[in-house]
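Undergrad: To start, I am sharing the structure in question, which I have written as structure tokens.
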Amino acid sequence: MLDELHTVLRRHPDRPALLTAGRTGRTRVAMTRGELADLADGYAAALHHHGLTAGDTLGLAVRPGGRALSVMLAAHRLGLRIAVLDPSAGPDVLRARLALARPALVVADTAAQAVAGWARPLARRAQLELPDLASLGPVL
């Protein structure tokens, strides 16, 4: 099914892919099918450029949404395993989970990098914590 998704996204690129609610509660389009496909294509090319090949593990520390989905679609296309780095799991749990499948690359958004770095004390108060991302593998 995921293998066919790219074709379906390209068939009707102007149709909504992801919806969200605005401040008033009104539904709005967060991302079109074409935008999702374009992002997935770009991420697939970037991951391939960084040397990832089928069977490699990709660490993903990106907030849920269109960008995270597009990275997952790109990883699927390349045959990668995805290890979602959930900051609510805690660093010891994440390290234990990744011991068997060390990431060849970690993709992290600015929020995840802050939780793992300069905002660590504040994040801990919110019960969010990531290990030093660089200790897991190369970080983008």
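Please note that chains go A, B, ... in the order of the structure tokens, that every chain numbers its residues from 1, and that ligands are numbered from 1 in the order shown.
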Excluding same-chain residues fewer than 4 positions from Val62 (chain A), what lies within 12 Å of it counting only C-alpha atoms, as number ranges by chain?
TA: A: 58, 66-72, 82-87, 106-115, 140
Undergrad: Please, which residues of region 18-140 of chain A, numbered as in this document, come out alpha helix (DSSP H) from DSSP, as a tab-separated table (two decimals) with N, CA, C and O atoms, in the first residue's frame?
TA:
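Contents of result.tsv, freshly written:
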chain	number	residue	atom	x	y	z
A	33	ARG	N	-1.16	17.07	-1.24
A	33	ARG	CA	-0.54	15.82	-1.65
A	33	ARG	C	0.76	16.08	-2.41
A	33	ARG	O	1.74	15.36	-2.23
A	34	GLY	N	0.76	17.09	-3.26
A	34	GLY	CA	1.97	17.41	-4.01
A	34	GLY	C	3.10	17.87	-3.12
A	34	GLY	O	4.26	17.50	-3.33
A	35	GLU	N	2.77	18.68	-2.11
A	35	GLU	CA	3.80	19.15	-1.17
A	35	GLU	C	4.38	17.97	-0.39
A	35	GLU	O	5.61	17.90	-0.19
A	36	LEU	N	3.53	17.05	0.05
A	36	LEU	CA	4.00	15.87	0.77
A	36	LEU	C	4.90	15.02	-0.11
A	36	LEU	O	5.98	14.59	0.31
A	37	ALA	N	4.50	14.81	-1.36
A	37	ALA	CA	5.31	14.02	-2.29
A	37	ALA	C	6.64	14.71	-2.57
A	37	ALA	O	7.69	14.04	-2.61
A	38	ASP	N	6.62	16.03	-2.77
A	38	ASP	CA	7.86	16.77	-3.02
A	38	ASP	C	8.82	16.67	-1.84
A	38	ASP	O	10.03	16.45	-2.02
A	39	LEU	N	8.29	16.83	-0.61
A	39	LEU	CA	9.15	16.70	0.57
A	39	LEU	C	9.72	15.29	0.68
A	39	LEU	O	10.92	15.13	0.96
A	40	ALA	N	8.89	14.29	0.46
A	40	ALA	CA	9.37	12.90	0.54
A	40	ALA	C	10.46	12.64	-0.50
A	40	ALA	O	11.47	12.00	-0.19
A	41	ASP	N	10.28	13.17	-1.70
A	41	ASP	CA	11.30	13.01	-2.74
A	41	ASP	C	12.61	13.66	-2.32
A	41	ASP	O	13.69	13.09	-2.48
A	42	GLY	N	12.51	14.87	-1.78
A	42	GLY	CA	13.70	15.60	-1.34
A	42	GLY	C	14.42	14.89	-0.21
A	42	GLY	O	15.65	14.77	-0.21
A	43	TYR	N	13.65	14.40	0.76
A	43	TYR	CA	14.27	13.67	1.87
A	43	TYR	C	14.89	12.36	1.40
A	43	TYR	O	15.96	11.98	1.86
A	44	ALA	N	14.24	11.67	0.47
A	44	ALA	CA	14.80	10.42	-0.05
A	44	ALA	C	16.14	10.69	-0.73
A	44	ALA	O	17.11	9.95	-0.52
A	45	ALA	N	16.20	11.75	-1.51
A	45	ALA	CA	17.45	12.10	-2.18
A	45	ALA	C	18.53	12.46	-1.16
A	45	ALA	O	19.69	12.04	-1.29
A	46	ALA	N	18.16	13.22	-0.14
A	46	ALA	CA	19.14	13.63	0.87
A	46	ALA	C	19.64	12.43	1.68
A	46	ALA	O	20.85	12.31	1.93
A	47	LEU	N	18.74	11.54	2.06
A	47	LEU	CA	19.15	10.36	2.82
A	47	LEU	C	20.06	9.47	1.99
A	47	LEU	O	21.06	8.95	2.49
A	48	HIS	N	19.72	9.31	0.72
A	48	HIS	CA	20.57	8.52	-0.19
A	48	HIS	C	21.93	9.20	-0.35
A	48	HIS	O	22.98	8.53	-0.32
A	49	HIS	N	21.94	10.51	-0.49
A	49	HIS	CA	23.19	11.28	-0.63
A	49	HIS	C	24.09	11.09	0.60
A	49	HIS	O	25.32	11.06	0.47
A	66	GLY	N	3.66	16.94	8.95
A	66	GLY	CA	3.99	16.67	7.56
A	66	GLY	C	5.45	16.35	7.32
A	66	GLY	O	5.78	15.48	6.51
A	67	ARG	N	6.34	17.04	8.00
A	67	ARG	CA	7.77	16.77	7.80
A	67	ARG	C	8.14	15.38	8.31
A	67	ARG	O	8.88	14.64	7.65
A	68	ALA	N	7.64	15.01	9.47
A	68	ALA	CA	7.92	13.67	10.00
A	68	ALA	C	7.36	12.60	9.07
A	68	ALA	O	8.04	11.61	8.77
A	69	LEU	N	6.14	12.81	8.59
A	69	LEU	CA	5.53	11.85	7.68
A	69	LEU	C	6.34	11.73	6.39
A	69	LEU	O	6.58	10.63	5.89
A	70	SER	N	6.80	12.85	5.85
A	70	SER	CA	7.56	12.80	4.61
A	70	SER	C	8.91	12.11	4.80
A	70	SER	O	9.35	11.37	3.91
A	71	VAL	N	9.54	12.28	5.94
A	71	VAL	CA	10.80	11.56	6.21
A	71	VAL	C	10.52	10.06	6.31
A	71	VAL	O	11.27	9.24	5.78
A	72	MET	N	9.41	9.69	6.95
A	72	MET	CA	9.07	8.27	7.06
A	72	MET	C	8.78	7.66	5.68
A	72	MET	O	9.19	6.53	5.41
A	73	LEU	N	8.08	8.41	4.84
A	73	LEU	CA	7.81	7.91	3.48
A	73	LEU	C	9.12	7.75	2.70
A	73	LEU	O	9.30	6.77	1.98
A	74	ALA	N	10.02	8.70	2.85
A	74	ALA	CA	11.32	8.61	2.18
A	74	ALA	C	12.11	7.41	2.68
A	74	ALA	O	12.71	6.67	1.90
A	75	ALA	N	12.09	7.19	3.99
A	75	ALA	CA	12.81	6.06	4.57
A	75	ALA	C	12.23	4.75	4.07
A	75	ALA	O	12.98	3.81	3.73
A	76	HIS	N	10.91	4.67	3.98
A	76	HIS	CA	10.27	3.45	3.47
A	76	HIS	C	10.71	3.19	2.03
A	76	HIS	O	11.03	2.06	1.67
A	77	ARG	N	10.73	4.25	1.22
A	77	ARG	CA	11.11	4.10	-0.18
A	77	ARG	C	12.53	3.55	-0.31
A	77	ARG	O	12.83	2.79	-1.22
A	78	LEU	N	13.42	3.95	0.61
A	78	LEU	CA	14.81	3.49	0.56
A	78	LEU	C	15.03	2.17	1.28
A	78	LEU	O	16.15	1.65	1.30
A	91	PRO	N	16.13	9.01	28.02
A	91	PRO	CA	17.37	8.63	27.33
A	91	PRO	C	17.81	7.19	27.56
A	91	PRO	O	18.32	6.55	26.66
A	92	ASP	N	17.62	6.66	28.76
A	92	ASP	CA	18.06	5.28	29.02
A	92	ASP	C	17.25	4.28	28.21
A	92	ASP	O	17.81	3.32	27.65
A	93	VAL	N	15.95	4.50	28.10
A	93	VAL	CA	15.09	3.62	27.31
A	93	VAL	C	15.48	3.70	25.83
A	93	VAL	O	15.60	2.68	25.15
A	94	LEU	N	15.70	4.91	25.34
A	94	LEU	CA	16.08	5.08	23.94
A	94	LEU	C	17.42	4.40	23.63
A	94	LEU	O	17.55	3.72	22.62
A	95	ARG	N	18.40	4.59	24.50
A	95	ARG	CA	19.69	3.94	24.29
A	95	ARG	C	19.55	2.42	24.27
A	95	ARG	O	20.17	1.75	23.44
A	96	ALA	N	18.75	1.87	25.17
A	96	ALA	CA	18.55	0.42	25.21
A	96	ALA	C	17.87	-0.07	23.94
A	96	ALA	O	18.26	-1.10	23.39
A	97	ARG	N	16.87	0.66	23.46
A	97	ARG	CA	16.17	0.27	22.23
A	97	ARG	C	17.10	0.31	21.03
A	97	ARG	O	17.02	-0.52	20.13
A	98	LEU	N	17.99	1.30	21.01
A	98	LEU	CA	18.87	1.48	19.85
A	98	LEU	C	20.12	0.61	19.91
A	98	LEU	O	20.89	0.59	18.95
A	110	THR	N	14.66	21.27	15.23
A	110	THR	CA	15.25	22.18	16.21
A	110	THR	C	14.72	21.93	17.62
A	110	THR	O	15.45	22.09	18.60
A	111	ALA	N	13.45	21.54	17.73
A	111	ALA	CA	12.89	21.27	19.05
A	111	ALA	C	13.60	20.08	19.71
A	111	ALA	O	13.95	20.13	20.89
A	112	ALA	N	13.83	19.02	18.96
A	112	ALA	CA	14.52	17.84	19.50
A	112	ALA	C	15.96	18.19	19.86
A	112	ALA	O	16.47	17.74	20.89
A	113	GLN	N	16.61	18.97	19.03
A	113	GLN	CA	17.98	19.37	19.33
A	113	GLN	C	18.04	20.22	20.60
A	113	GLN	O	18.96	20.09	21.40
A	114	ALA	N	17.02	21.05	20.81
A	114	ALA	CA	16.96	21.86	22.03
A	114	ALA	C	16.75	20.97	23.26
A	114	ALA	O	17.41	21.14	24.29
A	115	VAL	N	15.83	20.00	23.16
A	115	VAL	CA	15.56	19.08	24.26
A	115	VAL	C	16.82	18.29	24.63
A	115	VAL	O	17.08	18.03	25.79
A	116	ALA	N	17.60	17.93	23.63
A	116	ALA	CA	18.83	17.17	23.86
A	116	ALA	C	20.01	18.06	24.23
A	116	ALA	O	21.06	17.56	24.60
A	120	ARG	N	17.67	21.28	27.90
A	120	ARG	CA	17.52	20.04	28.67
A	120	ARG	C	16.93	20.26	30.07
A	120	ARG	O	15.99	19.55	30.45
A	121	PRO	N	17.40	21.25	30.86
A	121	PRO	CA	16.80	21.44	32.20
A	121	PRO	C	15.30	21.76	32.15
A	121	PRO	O	14.52	21.23	32.94
A	122	LEU	N	14.90	22.60	31.24
A	122	LEU	CA	13.49	22.95	31.10
A	122	LEU	C	12.68	21.75	30.60
A	122	LEU	O	11.58	21.48	31.10
A	123	ALA	N	13.23	21.02	29.65
A	123	ALA	CA	12.54	19.85	29.11
A	123	ALA	C	12.34	18.78	30.17
A	123	ALA	O	11.29	18.13	30.22
A	124	ARG	N	13.32	18.60	31.04
A	124	ARG	CA	13.19	17.60	32.11
A	124	ARG	C	11.99	17.91	33.01
A	124	ARG	O	11.30	17.01	33.45
A	125	ARG	N	11.78	19.20	33.28
A	125	ARG	CA	10.63	19.58	34.11
A	125	ARG	C	9.31	19.19	33.44
A	125	ARG	O	8.32	18.95	34.10
Undergrad: From the list A:Gly90, A:Gly22, A:Pro103, A:Pro16, which residue is nearest Thr53 (chain A) when using only C-alpha atoms?
TA: A:Pro103
Undergrad: Could you write out, as an NGL selection string, all the residues of region 3-114 of chain A that DSSP marks as strand (DSSP E)?
TA: :A and (16-21 or 27-32 or 57-61 or 81-84 or 105-108)
Undergrad: Skip Thr32 (chain A) itself and residues of its chain fewer than 5 positions away, then list as a count of residues only all residues within 7 Å of it, counting only C-alpha atoms.
TA: 6
